[in-house]
Amino acid sequence: MRRTGWIVPTIYIIFLMLPIYWLVSMSFKTTNEILGGFSVFPQEFTIANYVTIFTDPTWYMGYVNSLAYVSLNTILSVSVALPAAYAFSRYRFIGDKHLFFWLLTNRMAPPAVFALPFFQLYSAVNLFDTHIAVALAHTLFNIPLAVWILEGFMSGVPKELDETAYVDGHSFWSFFLKIFIPTVAAGIGVAAFFCFMFSWVELLLAKTLTAVEAKPIAAIMTRTASTSGYELGLLAAAGTLTIIPGAFVIYFVRNYIAKGFALGRV
Amino acid sequence: MTLVLKNVAKRVGIAMHIHPTDLRLEPGSFNILLGTTLAGKTTLMQLMAGLDRPTSGEVWFDNRLVTKVSVQKRNVSMVYQQFINYPNMSVFENIASPLRVARMAEDEIRRRVHTMAELLRLTPMLDRGPAELSGGQQQRTAMARALVKDADLVLLDEPLANLDFKLREELRDELPRLFANRECIVVYATTEPMEALLFGGRTATLFEGAVTQFGPTSELYRQPRDLITAQVFSDPPINTARVHKRDGAFVLDATTRWEATGALKELPDADYTVGIRPHFVTPMQRGQRPVAVDGRVLVTELSGSESIVHFVMGETTWVSQAHGIHPFEVGADARLYADMARAMYFATDGRLLASASDQDAPDPSARA
């Protein structure tokens with residue numbers, strides 16, 4: 001068993017990593033090489049694709065736009081979800097359980113349902129093609145998620161901690177900001193991570209609500225692919241760069257996510 | 001600095017969590033709230049602290065009406081059964097927390113925290129986080145935070161219940177020393193009658209949200225006002241039986257009867273409830289007036305130095321607690337002796353009519 005135990009994980013990782021390797025490898029090839037044949041390693045190693053992306057504003061602004069609305073959305077979702085989750089975890093009020101479940105059902109609606117009304121409404125209030133428009137649209141599914149995750153972490157903190165702080169003389173906000181938020185920092189990290197991820201990968205709403213000024217990178221990728229033939233090398237480089245922020249964020253929250261799984265909320 | 005509860009009651013929905021209660025806690029006193037889980041100890045403490053508002057009634061502190069004053073504005077501190085500390089702060093900052101909120105000067109904070117840490121043997125741990133401490137150290141940190149600010153009212157809600165035996169003994173010995181030179185009112189909640197007896201002071205017995213009696217601990221133990229107080233203040237549970245008085249004697253059943261003596265002679269012939277603590281029911285004839293009781297052994301618990309025997313007499317179950325090892329076989333018939341000179345007599349409605357046990361000092365060490 002011990003001698004053969006490595007086989008299954010190795011196969012698993014190869015299957016998992018193969019498409020990603022292929023993407024990265026393609027990003028260092030010229031489009032001609034990609035279309036011309038089948039090679040595991042780049043024959044003519046080139047970083048021209050990356051240079052194009054980092055020098056052409058129509059390319060790199062896509063990343064800037066995406067990062068802008070994703071960050072906005074993460075900040076918005078988490079800061080709104082914090083007090084909401086606190087209320088759900090600490091107080092009993094009429095319909096609290098139903099409200100909590102209803103929040104979650106927001107995630108079950110496909111974004112396509114909202115695309116058209118959002119498009120019209122955002123245009124009407126002149127929010128169309130702005131970062132905040134996409135950020136707000138994404139709170140639709142990110143706030144419920146953040147509330148759900150944070151509530152789990154907060155309920156793990158005994159309410160006696162709140163009382164101890166009040167007894168010590170802390171006001172509610174002093175307690176909430178100085179003691180409670182650091183206590184549930186792991187939960188905030190996990191919630192922020194998921195908000196980041198879901199906002200980062202969401203394309204339909206982001207594409208519908210933007211035209212030029214706030215166009216996300218994923219939308220730029222689809223456009224470029226169709227205009228100047230198949231610039232596969234460029235596309236692969238853009239794809240590789242799209243993976244990086246997620247991988248970067250997950251590295252920081254990996255320990256917290258395990259904790260979130262233990263609480264059954266992730 | 002006297003805390004007075006006037007007719008304080010707490011209702012949640014239709015459930016009465018605290019029945020109208022009057023209590024007067026004197027400065028410098030050690031008060032014990034004794035009751036089982038869910039008797040309302042914590043709720044009563046929250047009402048005293050101002051963490052919760054009573055549905056009706058008034059709370060007075062130092063001749064000031066504080067019913068609606070928030071807990072932040074009252075000078076109270078509290079220690080819980082769970083070890084509650086701020087996980088993101090060091091032990092030092094945990095202890096300093098109330099002083100920081102009060103905007104005390106840095107030098108004074110340092111001085112006080114170090115004094116407190118010294119007293120509670122936390123000095124080597126001051127830089128650590130609470131998660132790196134043992135349970136006993138965590139609870140001592142919580143205790144230090146509660147004591148560092150010279151609170152007028154210190155509430156201890158079963159602070160020793162989650163500690164293991166050795167630490168509990170240790171901290172229990174330290175407690176009275178910590179409060180020795182303080183003017184504050186201490187309220188200590190516990191489920192264990194033994195703890196109440198060890199601390200002395202004054203005890204309030206709680207039963208289903210009502211304070212059944214409040215007074216000096218030893219008095220409550222010897223002279224409980226009613227059967228419920230006696231039951232709350234007894235571990236193992238006090239033995240009770242319905243007896244009938246006839247011809248100057250109490251009749252338990254066909255074979256068991258004993259003469260009424262002293263004040264008991266004055267009681268009219270009627271039904272009574274007799275209560276006798278387990279350590280006055282022994283396998284050997286002890287005390288002034290041992291009366292034989294026969295039963296069938298249900299459970300025996302033998303610890304190093306004492307034997308506890310649960311046995312059935314007719315329809316009631318009695319407990320005997322005796323020094324030494326007395327092997328009984330489960331299911332076998334057993335004869336035990338109840339020292340009726342130490343029994344308490346209650347009316348059928350639960351009022352105490354006579355306690356013969358006030359002839360002698362109680363024997364709190366019986367369980368130790």
# chains A, B, ... in the order shown; residues from 1 in each chain; ligands from 1
>>> closest_atom_pairs(of="range 168-259 of chain A", to="range 124-133 of chain A", cutoff="6 Å", atoms="only C-alpha atoms", output="tab-separated table")
residue	atom	partner	partner_atom	distance
A:Leu209	CA	A:Asp129	CA	5.7
A:Thr210	CA	A:Asp129	CA	3.9
A:Ala211	CA	A:Asp129	CA	5.6
A:Glu213	CA	A:Asp129	CA	5.9
A:Ala214	CA	A:Thr130	CA	5.4
>>> write_last_selection(atoms="C-alpha atoms", output="PDB file, in the first residue's frame")
ATOM      1  CA  LEU A 209     -23.295  46.364 -17.347  1.00  0.00           C
ATOM      2  CA  THR A 210     -20.095  47.642 -18.978  1.00  0.00           C
ATOM      3  CA  ALA A 211     -19.108  48.932 -22.397  1.00  0.00           C
ATOM      4  CA  GLU A 213     -14.766  52.291 -19.154  1.00  0.00           C
ATOM      5  CA  ALA A 214     -15.249  49.361 -16.812  1.00  0.00           C
TER       6      ALA A 214
END
>>> residues_around(residues="Pro83 in chain A", least_positions_apart="2", cutoff="12 Å", atoms="only C-alpha atoms", output="ChimeraX atom specification")
/A:77-81,85-91,143,146-147,150-151,154,172-173,176-177,180-181,188
>>> interface_residues(of="chain A", to="chain B", cutoff="10 Å", atoms="only C-alpha atoms", output="list of chain:residue names")
A:Val157, A:Pro158, A:Lys159, A:Glu160, A:Leu161, A:Asp162, A:Glu163, A:Thr164, A:Ala165, A:Tyr166, A:Val167, A:Asp168, A:Gly169, A:His170, A:Ser171, A:Phe172, A:Ser174, A:Lys178, A:Ile179, A:Phe180, A:Ile181, A:Pro182, A:Thr183, A:Val184, A:Ala185
>>> write_last_selection(atoms="N, CA, C and O atoms", output="mmCIF file, in the first residue's frame")
data_model
loop_
_atom_site.group_PDB
_atom_site.id
_atom_site.type_symbol
_atom_site.label_atom_id
_atom_site.label_comp_id
_atom_site.auth_asym_id
_atom_site.auth_seq_id
_atom_site.Cartn_x
_atom_site.Cartn_y
_atom_site.Cartn_z
ATOM 1 N N VAL A 157 -18.444 32.218 18.476
ATOM 2 C CA VAL A 157 -17.907 33.073 19.548
ATOM 3 C C VAL A 157 -18.988 33.182 20.630
ATOM 4 O O VAL A 157 -20.107 33.598 20.337
ATOM 5 N N PRO A 158 -18.688 32.797 21.863
ATOM 6 C CA PRO A 158 -19.732 32.846 22.892
ATOM 7 C C PRO A 158 -20.223 34.274 23.130
ATOM 8 O O PRO A 158 -19.428 35.208 23.072
ATOM 9 N N LYS A 159 -21.502 34.415 23.385
ATOM 10 C CA LYS A 159 -22.055 35.753 23.597
ATOM 11 C C LYS A 159 -21.543 36.340 24.902
ATOM 12 O O LYS A 159 -21.609 37.542 25.123
ATOM 13 N N GLU A 160 -20.960 35.489 25.746
ATOM 14 C CA GLU A 160 -20.357 35.994 26.975
ATOM 15 C C GLU A 160 -19.176 36.920 26.679
ATOM 16 O O GLU A 160 -18.841 37.774 27.490
ATOM 17 N N LEU A 161 -18.558 36.744 25.510
ATOM 18 C CA LEU A 161 -17.471 37.650 25.138
ATOM 19 C C LEU A 161 -18.014 39.066 24.980
ATOM 20 O O LEU A 161 -17.405 40.034 25.437
ATOM 21 N N ASP A 162 -19.183 39.180 24.347
ATOM 22 C CA ASP A 162 -19.822 40.489 24.185
ATOM 23 C C ASP A 162 -20.076 41.095 25.567
ATOM 24 O O ASP A 162 -19.755 42.250 25.829
ATOM 25 N N GLU A 163 -20.659 40.258 26.436
ATOM 26 C CA GLU A 163 -21.037 40.763 27.756
ATOM 27 C C GLU A 163 -19.820 41.182 28.565
ATOM 28 O O GLU A 163 -19.828 42.211 29.238
ATOM 29 N N THR A 164 -18.754 40.377 28.449
ATOM 30 C CA THR A 164 -17.527 40.722 29.169
ATOM 31 C C THR A 164 -17.029 42.100 28.712
ATOM 32 O O THR A 164 -16.609 42.921 29.529
ATOM 33 N N ALA A 165 -17.087 42.337 27.413
ATOM 34 C CA ALA A 165 -16.631 43.623 26.892
ATOM 35 C C ALA A 165 -17.500 44.765 27.421
ATOM 36 O O ALA A 165 -16.983 45.811 27.812
ATOM 37 N N TYR A 166 -18.809 44.548 27.464
ATOM 38 C CA TYR A 166 -19.697 45.597 27.981
ATOM 39 C C TYR A 166 -19.406 45.845 29.457
ATOM 40 O O TYR A 166 -19.368 46.985 29.914
ATOM 41 N N VAL A 167 -19.200 44.738 30.184
ATOM 42 C CA VAL A 167 -18.897 44.862 31.609
ATOM 43 C C VAL A 167 -17.599 45.639 31.803
ATOM 44 O O VAL A 167 -17.482 46.461 32.707
ATOM 45 N N ASP A 168 -16.630 45.399 30.906
ATOM 46 C CA ASP A 168 -15.366 46.129 30.989
ATOM 47 C C ASP A 168 -15.543 47.613 30.688
ATOM 48 O O ASP A 168 -14.636 48.403 30.940
ATOM 49 N N GLY A 169 -16.677 47.955 30.095
ATOM 50 C CA GLY A 169 -16.953 49.357 29.824
ATOM 51 C C GLY A 169 -16.970 49.707 28.346
ATOM 52 O O GLY A 169 -17.194 50.862 27.993
ATOM 53 N N HIS A 170 -16.697 48.726 27.487
ATOM 54 C CA HIS A 170 -16.714 49.008 26.050
ATOM 55 C C HIS A 170 -18.132 49.349 25.603
ATOM 56 O O HIS A 170 -19.085 48.701 26.016
ATOM 57 N N SER A 171 -18.238 50.337 24.708
ATOM 58 C CA SER A 171 -19.517 50.587 24.070
ATOM 59 C C SER A 171 -19.682 49.527 22.985
ATOM 60 O O SER A 171 -18.753 48.782 22.690
ATOM 61 N N PHE A 172 -20.895 49.465 22.399
ATOM 62 C CA PHE A 172 -21.100 48.431 21.386
ATOM 63 C C PHE A 172 -20.081 48.543 20.255
ATOM 64 O O PHE A 172 -19.466 47.561 19.860
ATOM 65 N N SER A 174 -17.184 50.097 20.133
ATOM 66 C CA SER A 174 -15.823 49.847 20.589
ATOM 67 C C SER A 174 -15.576 48.344 20.667
ATOM 68 O O SER A 174 -14.553 47.829 20.223
ATOM 69 N N LYS A 178 -13.017 46.764 18.026
ATOM 70 C CA LYS A 178 -11.716 46.458 18.622
ATOM 71 C C LYS A 178 -11.589 45.008 19.067
ATOM 72 O O LYS A 178 -10.494 44.478 19.163
ATOM 73 N N ILE A 179 -12.712 44.391 19.406
ATOM 74 C CA ILE A 179 -12.624 43.042 19.947
ATOM 75 C C ILE A 179 -13.280 42.017 19.042
ATOM 76 O O ILE A 179 -12.680 40.993 18.703
ATOM 77 N N PHE A 180 -14.492 42.309 18.611
ATOM 78 C CA PHE A 180 -15.228 41.275 17.893
ATOM 79 C C PHE A 180 -14.649 41.016 16.502
ATOM 80 O O PHE A 180 -14.455 39.861 16.115
ATOM 81 N N ILE A 181 -14.379 42.079 15.765
ATOM 82 C CA ILE A 181 -13.868 41.889 14.405
ATOM 83 C C ILE A 181 -12.526 41.155 14.400
ATOM 84 O O ILE A 181 -12.357 40.204 13.644
ATOM 85 N N PRO A 182 -11.574 41.520 15.277
ATOM 86 C CA PRO A 182 -10.352 40.710 15.316
ATOM 87 C C PRO A 182 -10.626 39.250 15.691
ATOM 88 O O PRO A 182 -9.945 38.351 15.215
ATOM 89 N N THR A 183 -11.641 39.024 16.538
ATOM 90 C CA THR A 183 -11.940 37.657 16.954
ATOM 91 C C THR A 183 -12.441 36.812 15.779
ATOM 92 O O THR A 183 -12.139 35.627 15.693
ATOM 93 N N VAL A 184 -13.239 37.424 14.904
ATOM 94 C CA VAL A 184 -13.757 36.657 13.765
ATOM 95 C C VAL A 184 -12.965 36.963 12.485
ATOM 96 O O VAL A 184 -13.474 36.795 11.384
ATOM 97 N N ALA A 185 -11.708 37.383 12.656
ATOM 98 C CA ALA A 185 -10.893 37.744 11.491
ATOM 99 C C ALA A 185 -10.810 36.603 10.487
ATOM 100 O O ALA A 185 -10.866 36.837 9.272
#
>>> residues_around(residues="Thr67 in chain B", least_positions_apart="3", cutoff="8 Å", atoms="only C-alpha atoms", output="mmCIF file with N, CA and C atoms, in the first residue's frame")
data_model
loop_
_atom_site.group_PDB
_atom_site.id
_atom_site.type_symbol
_atom_site.label_atom_id
_atom_site.label_comp_id
_atom_site.auth_asym_id
_atom_site.auth_seq_id
_atom_site.Cartn_x
_atom_site.Cartn_y
_atom_site.Cartn_z
ATOM 1 N N GLY B 50 -26.946 44.596 34.995
ATOM 2 C CA GLY B 50 -27.469 45.556 34.036
ATOM 3 C C GLY B 50 -27.274 45.086 32.611
ATOM 4 N N ARG B 53 -32.496 43.877 31.318
ATOM 5 C CA ARG B 53 -33.413 44.714 32.095
ATOM 6 C C ARG B 53 -34.541 43.856 32.635
ATOM 7 N N PRO B 54 -34.919 44.100 33.885
ATOM 8 C CA PRO B 54 -36.041 43.333 34.428
ATOM 9 C C PRO B 54 -37.361 43.743 33.758
ATOM 10 N N GLU B 58 -37.367 47.142 40.509
ATOM 11 C CA GLU B 58 -36.321 48.161 40.486
ATOM 12 C C GLU B 58 -35.011 47.608 41.015
ATOM 13 N N VAL B 59 -33.924 48.116 40.459
ATOM 14 C CA VAL B 59 -32.599 47.785 40.969
ATOM 15 C C VAL B 59 -31.995 49.072 41.516
ATOM 16 N N TRP B 60 -31.615 49.044 42.781
ATOM 17 C CA TRP B 60 -30.993 50.212 43.417
ATOM 18 C C TRP B 60 -29.569 49.887 43.761
#
>>> residues_around(residues="Thr37 in chain B", least_positions_apart="2", cutoff="9 Å", atoms="only C-alpha atoms", output="JSON, numbers by chain")
{"B": [35, 39, 40, 41, 190, 191]}
>>> write_last_selection(atoms="N, CA and C atoms", output="mmCIF file, in the first residue's frame")
data_model
loop_
_atom_site.group_PDB
_atom_site.id
_atom_site.type_symbol
_atom_site.label_atom_id
_atom_site.label_comp_id
_atom_site.auth_asym_id
_atom_site.auth_seq_id
_atom_site.Cartn_x
_atom_site.Cartn_y
_atom_site.Cartn_z
ATOM 1 N N GLY B 35 -28.210 26.981 43.211
ATOM 2 C CA GLY B 35 -29.358 26.390 42.527
ATOM 3 C C GLY B 35 -28.886 25.492 41.410
ATOM 4 N N ALA B 39 -31.907 27.183 37.115
ATOM 5 C CA ALA B 39 -32.685 27.718 38.232
ATOM 6 C C ALA B 39 -32.825 29.240 38.098
ATOM 7 N N GLY B 40 -32.009 29.847 37.249
ATOM 8 C CA GLY B 40 -32.112 31.302 37.043
ATOM 9 C C GLY B 40 -30.936 32.077 37.614
ATOM 10 N N LYS B 41 -29.865 31.396 37.946
ATOM 11 C CA LYS B 41 -28.715 32.076 38.543
ATOM 12 C C LYS B 41 -28.120 33.100 37.589
ATOM 13 N N THR B 190 -23.265 29.020 42.046
ATOM 14 C CA THR B 190 -22.756 27.655 42.019
ATOM 15 C C THR B 190 -23.913 26.671 42.065
ATOM 16 N N THR B 191 -23.642 25.475 41.563
ATOM 17 C CA THR B 191 -24.651 24.415 41.664
ATOM 18 C C THR B 191 -24.340 23.497 42.845
#
>>> residues_around(residues="range 117-127 of chain B", least_positions_apart="5", cutoff="10 Å", atoms="only C-alpha atoms", output="list in words")
Met89, Ser90, Val91, Phe92, Glu93, Asn94, Ile95, Arg111, Arg112, Glu132, Leu133, Gln137, Gln138, Arg140, Thr141, Met143, Ala144, Arg145, Val148, Leu171, Glu174, Leu175, Arg177 and Leu178 of chain B
>>> write_last_selection(atoms="C-alpha atoms", output="PDB file, in the first residue's frame")
ATOM      1  CA  MET B  89      -5.022  40.338  22.890  1.00  0.00           C
ATOM      2  CA  SER B  90      -2.173  39.253  25.120  1.00  0.00           C
ATOM      3  CA  VAL B  91      -2.826  38.355  28.723  1.00  0.00           C
ATOM      4  CA  PHE B  92      -1.492  41.749  29.725  1.00  0.00           C
ATOM      5  CA  GLU B  93      -3.904  43.569  27.427  1.00  0.00           C
ATOM      6  CA  ASN B  94      -6.730  41.323  28.540  1.00  0.00           C
ATOM      7  CA  ILE B  95      -6.213  42.315  32.146  1.00  0.00           C
ATOM      8  CA  ARG B 111       1.387  48.902  38.044  1.00  0.00           C
ATOM      9  CA  ARG B 112      -2.094  47.496  38.531  1.00  0.00           C
ATOM     10  CA  GLU B 132      -1.672  29.427  24.800  1.00  0.00           C
ATOM     11  CA  LEU B 133      -2.742  29.113  28.427  1.00  0.00           C
ATOM     12  CA  GLN B 137      -4.592  30.161  33.724  1.00  0.00           C
ATOM     13  CA  GLN B 138      -7.292  31.334  31.326  1.00  0.00           C
ATOM     14  CA  ARG B 140      -7.278  33.323  36.358  1.00  0.00           C
ATOM     15  CA  THR B 141      -6.785  35.849  33.559  1.00  0.00           C
ATOM     16  CA  MET B 143     -10.519  36.746  37.205  1.00  0.00           C
ATOM     17  CA  ALA B 144      -7.650  39.250  37.082  1.00  0.00           C
ATOM     18  CA  ARG B 145      -9.558  41.376  34.587  1.00  0.00           C
ATOM     19  CA  VAL B 148      -8.188  44.863  38.382  1.00  0.00           C
ATOM     20  CA  LEU B 171      -8.636  28.492  42.887  1.00  0.00           C
ATOM     21  CA  GLU B 174      -7.491  31.582  46.532  1.00  0.00           C
ATOM     22  CA  LEU B 175     -10.869  33.243  46.083  1.00  0.00           C
ATOM     23  CA  ARG B 177      -8.054  35.828  49.814  1.00  0.00           C
ATOM     24  CA  LEU B 178      -8.645  37.875  46.651  1.00  0.00           C
TER      25      LEU B 178
END
>>> closest_residue(among="B:Asn239, B:Val309, B:Ala196, B:Met48", to="Leu220 in chain B", atoms="only C-alpha atoms")
B:Ala196
